[in-house]
file work-v4.txt (compact mmCIF, C-alpha atoms)
# COMPACT_ATOMS: atom_id res chain seq x y z
CA MET A 1 87.43 25.67 -83.90
CA ALA A 2 86.20 22.10 -84.38
CA ARG A 3 88.60 19.28 -83.57
CA THR A 4 89.77 17.07 -86.42
CA LEU A 5 88.41 13.56 -85.95
CA CYS A 6 89.92 10.25 -86.96
CA ASN A 7 87.99 8.89 -89.94
CA HIS A 8 87.87 5.40 -88.47
CA CYS A 9 87.39 5.59 -84.69
CA ASN A 10 85.79 9.08 -84.74
CA PHE A 11 87.79 10.25 -81.73
CA SER A 12 89.93 13.38 -82.00
CA LEU A 13 93.34 12.74 -83.57
CA ASN A 14 95.18 13.16 -80.27
CA THR A 15 92.90 10.60 -78.60
CA CYS A 16 92.67 8.18 -81.56
CA ILE A 17 92.43 4.58 -80.33
CA CYS A 18 92.70 2.77 -83.67
CA ASN A 19 95.87 0.91 -82.66
CA ALA A 20 93.93 -0.81 -79.87
CA ILE A 21 90.90 -1.86 -81.91
CA THR A 22 90.52 -5.60 -82.49
CA ASN A 23 87.77 -7.17 -84.58
CA ILE A 24 85.84 -9.60 -82.37
CA ASN A 25 83.42 -12.12 -83.85
CA ASN A 26 80.59 -12.22 -81.32
CA LYS A 27 77.77 -14.74 -81.82
CA VAL A 28 75.20 -12.88 -79.73
CA THR A 29 73.84 -9.77 -81.47
CA VAL A 30 74.35 -6.69 -79.29
CA ILE A 31 71.78 -3.91 -79.63
CA ILE A 32 72.60 -0.69 -77.79
CA LEU A 33 69.74 1.73 -77.11
CA GLN A 34 71.58 4.99 -76.66
CA HIS A 35 70.16 8.10 -75.05
CA PRO A 36 70.79 11.01 -77.48
CA SER A 37 72.82 12.94 -74.88
CA GLU A 38 75.46 10.17 -74.78
CA GLU A 39 76.50 10.47 -78.42
CA LYS A 40 78.78 13.48 -78.04
CA ILE A 41 80.36 12.44 -74.73
CA ALA A 42 84.04 11.76 -75.43
CA LYS A 43 84.23 9.15 -72.67
CA ASN A 44 81.25 7.15 -73.90
CA THR A 45 82.23 3.51 -74.43
CA ALA A 46 79.35 2.29 -76.62
CA LYS A 47 81.16 3.35 -79.76
CA LEU A 48 84.16 1.25 -78.71
CA LEU A 49 81.90 -1.79 -78.78
CA ASN A 50 80.61 -0.79 -82.20
CA LEU A 51 84.20 -0.53 -83.45
CA CYS A 52 85.28 -3.91 -82.06
CA LEU A 53 82.27 -6.24 -82.24
CA THR A 54 81.28 -7.59 -85.65
CA ASP A 55 77.61 -7.85 -84.63
CA CYS A 56 76.69 -4.68 -82.77
CA GLN A 57 74.24 -1.88 -83.50
CA ILE A 58 73.72 1.49 -81.78
CA ILE A 59 70.26 3.03 -82.03
CA LYS A 60 69.69 6.52 -80.63
CA GLY A 61 66.42 7.52 -79.04
CA GLU A 62 64.18 7.48 -75.99
CA ASN A 63 60.94 5.65 -76.77
CA ASN A 64 58.99 3.03 -78.74
CA ASP A 65 58.99 5.12 -81.91
CA ASP A 66 62.78 5.41 -81.87
CA PHE A 67 63.35 1.76 -81.07
CA SER A 68 60.94 0.06 -83.47
CA ILE A 69 63.64 -2.56 -84.11
CA LEU A 70 62.46 -4.18 -80.86
CA LYS A 71 59.35 -5.39 -82.69
CA THR A 72 61.50 -7.56 -84.94
CA LEU A 73 63.54 -9.39 -82.27
CA PRO A 74 62.82 -12.98 -81.19
CA VAL A 75 61.15 -12.66 -77.78
CA SER A 76 62.19 -16.08 -76.48
CA SER A 77 65.92 -15.61 -77.11
CA THR A 78 66.36 -11.85 -76.58
CA VAL A 79 67.30 -10.45 -73.16
CA LEU A 80 67.60 -6.95 -71.71
CA LEU A 81 70.61 -6.26 -69.50
CA TYR A 82 69.15 -4.35 -66.55
CA PRO A 83 69.38 -5.00 -62.78
CA ASN A 84 65.75 -5.03 -61.66
CA GLU A 85 64.03 -7.32 -59.15
CA HIS A 86 63.06 -9.79 -61.89
CA ALA A 87 66.52 -10.03 -63.46
CA ILE A 88 68.03 -13.46 -63.93
CA ASN A 89 71.73 -13.54 -63.01
CA LEU A 90 73.89 -14.68 -65.91
CA ASP A 91 76.58 -15.86 -63.48
CA ASP A 92 74.26 -17.97 -61.32
CA SER A 93 74.02 -21.56 -62.55
CA ALA A 94 70.96 -22.12 -60.37
CA GLU A 95 68.91 -19.55 -62.28
CA GLN A 96 66.35 -20.98 -64.70
CA LEU A 97 67.69 -19.54 -67.94
CA SER A 98 69.72 -21.32 -70.56
CA VAL A 99 72.27 -18.70 -71.56
CA LYS A 100 73.20 -20.80 -74.56
CA ASN A 101 69.83 -19.97 -76.11
CA ILE A 102 70.37 -16.19 -75.99
CA THR A 103 70.70 -14.70 -79.48
CA HIS A 104 70.22 -10.97 -78.80
CA LEU A 105 71.42 -8.78 -75.92
CA ILE A 106 69.80 -5.35 -75.47
CA VAL A 107 71.77 -2.76 -73.50
CA VAL A 108 70.63 0.74 -72.53
CA ASP A 109 73.41 3.33 -72.83
CA GLY A 110 73.01 6.37 -70.59
CA THR A 111 73.22 7.52 -67.00
CA TRP A 112 71.03 5.58 -64.53
CA LYS A 113 68.45 8.37 -64.68
CA LYS A 114 68.37 8.43 -68.48
CA ALA A 115 68.35 4.64 -68.73
CA TYR A 116 65.36 4.51 -66.38
CA LYS A 117 63.59 7.11 -68.52
CA ILE A 118 64.15 4.99 -71.63
CA LEU A 119 62.72 1.97 -69.84
CA GLN A 120 59.63 3.92 -68.80
CA LEU A 121 59.00 5.30 -72.31
CA THR A 122 59.87 2.13 -74.22
CA THR A 123 57.16 -0.34 -73.28
CA LEU A 124 58.32 -2.66 -76.06
CA LEU A 125 61.13 -3.67 -73.68
CA ASN A 126 58.61 -5.22 -71.28
CA GLN A 127 58.29 -8.31 -73.47
CA PHE A 128 61.88 -9.40 -72.86
CA LYS A 129 63.44 -11.18 -69.87
CA THR A 130 65.93 -9.06 -67.94
CA VAL A 131 69.39 -10.29 -66.97
CA SER A 132 72.06 -9.03 -64.61
CA PHE A 133 75.04 -10.26 -62.56
CA LYS A 134 75.26 -11.75 -59.10
CA GLN A 135 78.91 -10.70 -58.85
CA LEU A 136 80.03 -7.55 -60.64
CA PRO A 137 83.45 -7.55 -62.28
CA LYS A 138 85.91 -4.89 -61.15
CA ASN A 139 85.00 -1.45 -62.49
CA ARG A 140 87.90 -0.41 -64.72
CA TYR A 141 86.38 2.83 -65.94
CA ALA A 142 87.33 5.33 -63.27
CA ILE A 143 87.43 8.38 -65.55
CA ARG A 144 83.65 8.65 -65.67
CA LYS A 145 82.14 8.92 -62.21
CA ALA A 146 78.86 7.17 -61.40
CA PRO A 147 76.58 7.66 -58.37
CA ARG A 148 75.98 3.95 -57.77
CA ALA A 149 78.37 1.28 -56.55
CA ASP A 150 77.02 -1.22 -59.09
CA SER A 151 77.87 0.98 -62.07
CA LEU A 152 79.79 -0.36 -65.03
CA SER A 153 80.50 1.32 -68.33
CA THR A 154 78.50 0.01 -71.28
CA LEU A 155 81.63 -1.69 -72.62
CA GLU A 156 82.34 -3.45 -69.31
CA ALA A 157 78.75 -4.63 -68.95
CA VAL A 158 78.65 -6.03 -72.49
CA ALA A 159 82.12 -7.59 -72.23
CA HIS A 160 81.15 -9.42 -69.03
CA SER A 161 77.79 -10.49 -70.48
CA LEU A 162 79.36 -11.95 -73.63
CA PHE A 163 81.92 -13.76 -71.50
CA LEU A 164 79.14 -15.38 -69.46
CA ILE A 165 76.83 -16.11 -72.42
CA GLU A 166 79.26 -17.29 -75.08
CA GLN A 167 82.63 -17.46 -73.26
CA LEU A 168 83.94 -14.61 -75.40
CA ASN A 169 87.35 -13.46 -74.17
CA PRO A 170 86.82 -9.92 -72.77
CA ALA A 171 90.52 -8.99 -72.83
CA PRO A 172 90.53 -7.28 -76.28
CA LEU A 173 87.58 -5.10 -75.24
CA TYR A 174 89.24 -4.21 -71.94
CA ASN A 175 92.46 -3.37 -73.82
CA THR A 176 90.53 -0.94 -76.01
CA LEU A 177 88.99 0.62 -72.89
CA ASN A 178 92.44 0.93 -71.28
CA GLU A 179 93.69 2.72 -74.40
CA LEU A 180 90.78 5.16 -74.22
CA ILE A 181 91.52 5.86 -70.54
CA GLN A 182 95.20 6.40 -71.30
CA LYS A 183 94.44 8.80 -74.17
CA GLN A 184 91.75 10.69 -72.21
CA THR A 185 94.09 11.26 -69.24
CA GLN A 186 97.41 11.80 -71.06
CA HIS A 187 97.25 15.59 -70.89
CA MET A 188 95.81 15.88 -67.40
CA PRO A 189 98.05 17.37 -64.69
CA GLU A 190 99.32 14.58 -62.43
CA HIS A 191 97.31 15.75 -59.40
CA VAL A 192 94.10 15.69 -61.48
CA LYS A 193 94.89 12.31 -63.02
CA ALA A 194 95.52 10.87 -59.56
CA ARG A 195 91.90 11.62 -58.57
CA TYR A 196 90.69 9.26 -61.26
CA LEU A 197 93.31 6.54 -61.51
CA ASP A 198 94.56 6.01 -57.95

call {"tool": "encode", "arguments": {"input": "work-v4.txt", "output": "structure tokens"}}
result
Amino acid sequence: MARTLCNHCNFSLNTCICNAITNINNKVTVIILQHPSEEKIAKNTAKLLNLCLTDCQIIKGENNDDFSILKTLPVSSTVLLYPNEHAINLDDSAEQLSVKNITHLIVVDGTWKKAYKILQLTTLLNQFKTVSFKQLPKNRYAIRKAPRADSLSTLEAVAHSLFLIEQLNPAPLYNTLNELIQKQTQHMPEHVKARYLD
């Protein structure tokens, strides 16, 4: 039997996070390229961003055909958040990039393997500068395990980026994430919950 979903947040009624959603007026346009397999994952945080940020768009796909929107973005002021060897650190004042000029932030939503696949198939991304962080913020999203130490959820990565680019207070986004974690773990046996939250 299918679960009844909240009409607003689209989570199941017993994990509804509407009371934690805050509308946040971000200046930088956030474009999330989401691997199709992420859409139905209950612990996916991209949709939290879409619920909170006033200027955020999720596009599902894997390649140039799916992400044709990339052809319309201003190359000089659009950046891709991805930690490769060419990435400019948003938190390093010595790096030669004026973060104040950034108008669009592209984020790939998927596991590391799926994100890498999207990058390989979406050559339109090659035209944009890549950005990353010198110092990662604390990972708050323990309920979804990742194989790499430098893993952040999509929400955490975007929240930290917007803080560095436009000094946007990340607390409302983190509060929404905390609500999701609380709702996702509320029915777990204590010994199971302890594996994630301790």

call {"tool": "closest_residue", "arguments": {"input": "work-v4.txt", "among": "A:Thr45, A:Ser161, A:Ser151, A:Gln34", "to": "Val99 of chain A", "atoms": "all atoms listed in the file"}}
result
A:Ser161

call {"tool": "closest_atom_pairs", "arguments": {"input": "work-v4.txt", "of": "segment 3-50 of chain A", "to": "segment 122-141 of chain A", "cutoff": "12 Å", "atoms": "all atoms listed in the file", "output": "JSON lines"}}
result
{"residue": "A:Leu33", "atom": "CA", "partner": "A:Thr122", "partner_atom": "CA", "distance": 10.3}
{"residue": "A:His35", "atom": "CA", "partner": "A:Thr122", "partner_atom": "CA", "distance": 11.9}
{"residue": "A:Lys43", "atom": "CA", "partner": "A:Tyr141", "partner_atom": "CA", "distance": 9.5}
{"residue": "A:Asn44", "atom": "CA", "partner": "A:Tyr141", "partner_atom": "CA", "distance": 10.4}
{"residue": "A:Thr45", "atom": "CA", "partner": "A:Tyr141", "partner_atom": "CA", "distance": 9.5}

call {"tool": "closest_residue", "arguments": {"input": "work-v4.txt", "among": "A:Ala159, A:Cys52, A:Leu168, A:Ala115", "to": "Pro36 of chain A", "atoms": "only C-alpha atoms"}}
result
A:Ala115

call {"tool": "atom_distance", "arguments": {"input": "work-v4.txt", "atom1": "atom CA of Leu155 of chain A", "atom2": "atom CA of Lys47 of chain A"}}
result
8.8 Å

call {"tool": "residues_around", "arguments": {"input": "work-v4.txt", "residues": "Ile41 of chain A", "least_positions_apart": "6", "cutoff": "12 Å", "atoms": "all atoms listed in the file", "output": "list in words"}}
result
Asn10, Phe11, Gln34, His35, Lys47, Asp109, Gly110, Thr111, Arg144 and Gln184 of chain A

call {"tool": "closest_residue", "arguments": {"input": "work-v4.txt", "among": "A:Leu80, A:Ala94, A:Cys18, A:Ile24", "to": "Leu53 of chain A", "atoms": "only C-alpha atoms"}}
result
A:Ile24

call {"tool": "residues_around", "arguments": {"input": "work-v4.txt", "residues": "Thr22 of chain A", "least_positions_apart": "3", "cutoff": "10 Å", "atoms": "all atoms listed in the file", "output": "ChimeraX atom specification"}}
result
/A:18-19,25,51-54,172-173,175-176

call {"tool": "closest_residue", "arguments": {"input": "work-v4.txt", "among": "A:Thr15, A:Gln167, A:Ser68, A:Gln120", "to": "Gln182 of chain A", "atoms": "all atoms listed in the file"}}
result
A:Thr15

call {"tool": "closest_residue", "arguments": {"input": "work-v4.txt", "among": "A:Leu152, A:Leu105, A:Ile118, A:Leu177", "to": "Asp66 of chain A", "atoms": "all atoms listed in the file"}}
result
A:Ile118

call {"tool": "atom_distance", "arguments": {"input": "work-v4.txt", "atom1": "atom CA of Asn84 of chain A", "atom2": "atom CA of Leu119 of chain A"}}
result
11.2 Å

call {"tool": "atom_distance", "arguments": {"input": "work-v4.txt", "atom1": "atom CA of Asn50 of chain A", "atom2": "atom CA of Asp92 of chain A"}}
result
27.8 Å

call {"tool": "closest_residue", "arguments": {"input": "work-v4.txt", "among": "A:Val108, A:Glu39, A:Asn23, A:Thr29", "to": "Thr154 of chain A", "atoms": "all atoms listed in the file"}}
result
A:Val108

call {"tool": "axis_aligned_box", "arguments": {"input": "work-v4.txt", "around": "segment 36-41 of chain A", "padding_each_side": "6 Å", "output": "AutoDock Vina command-line options"}}
result
--center_x 75.6 --center_y 11.8 --center_z -76.6 --size_x 21.6 --size_y 15.3 --size_z 15.7

call {"tool": "residues_around", "arguments": {"input": "work-v4.txt", "residues": "Lys100 of chain A", "least_positions_apart": "4", "cutoff": "10 Å", "atoms": "all atoms listed in the file", "output": "ChimeraX atom specification"}}
result
/A:28,77,164-166
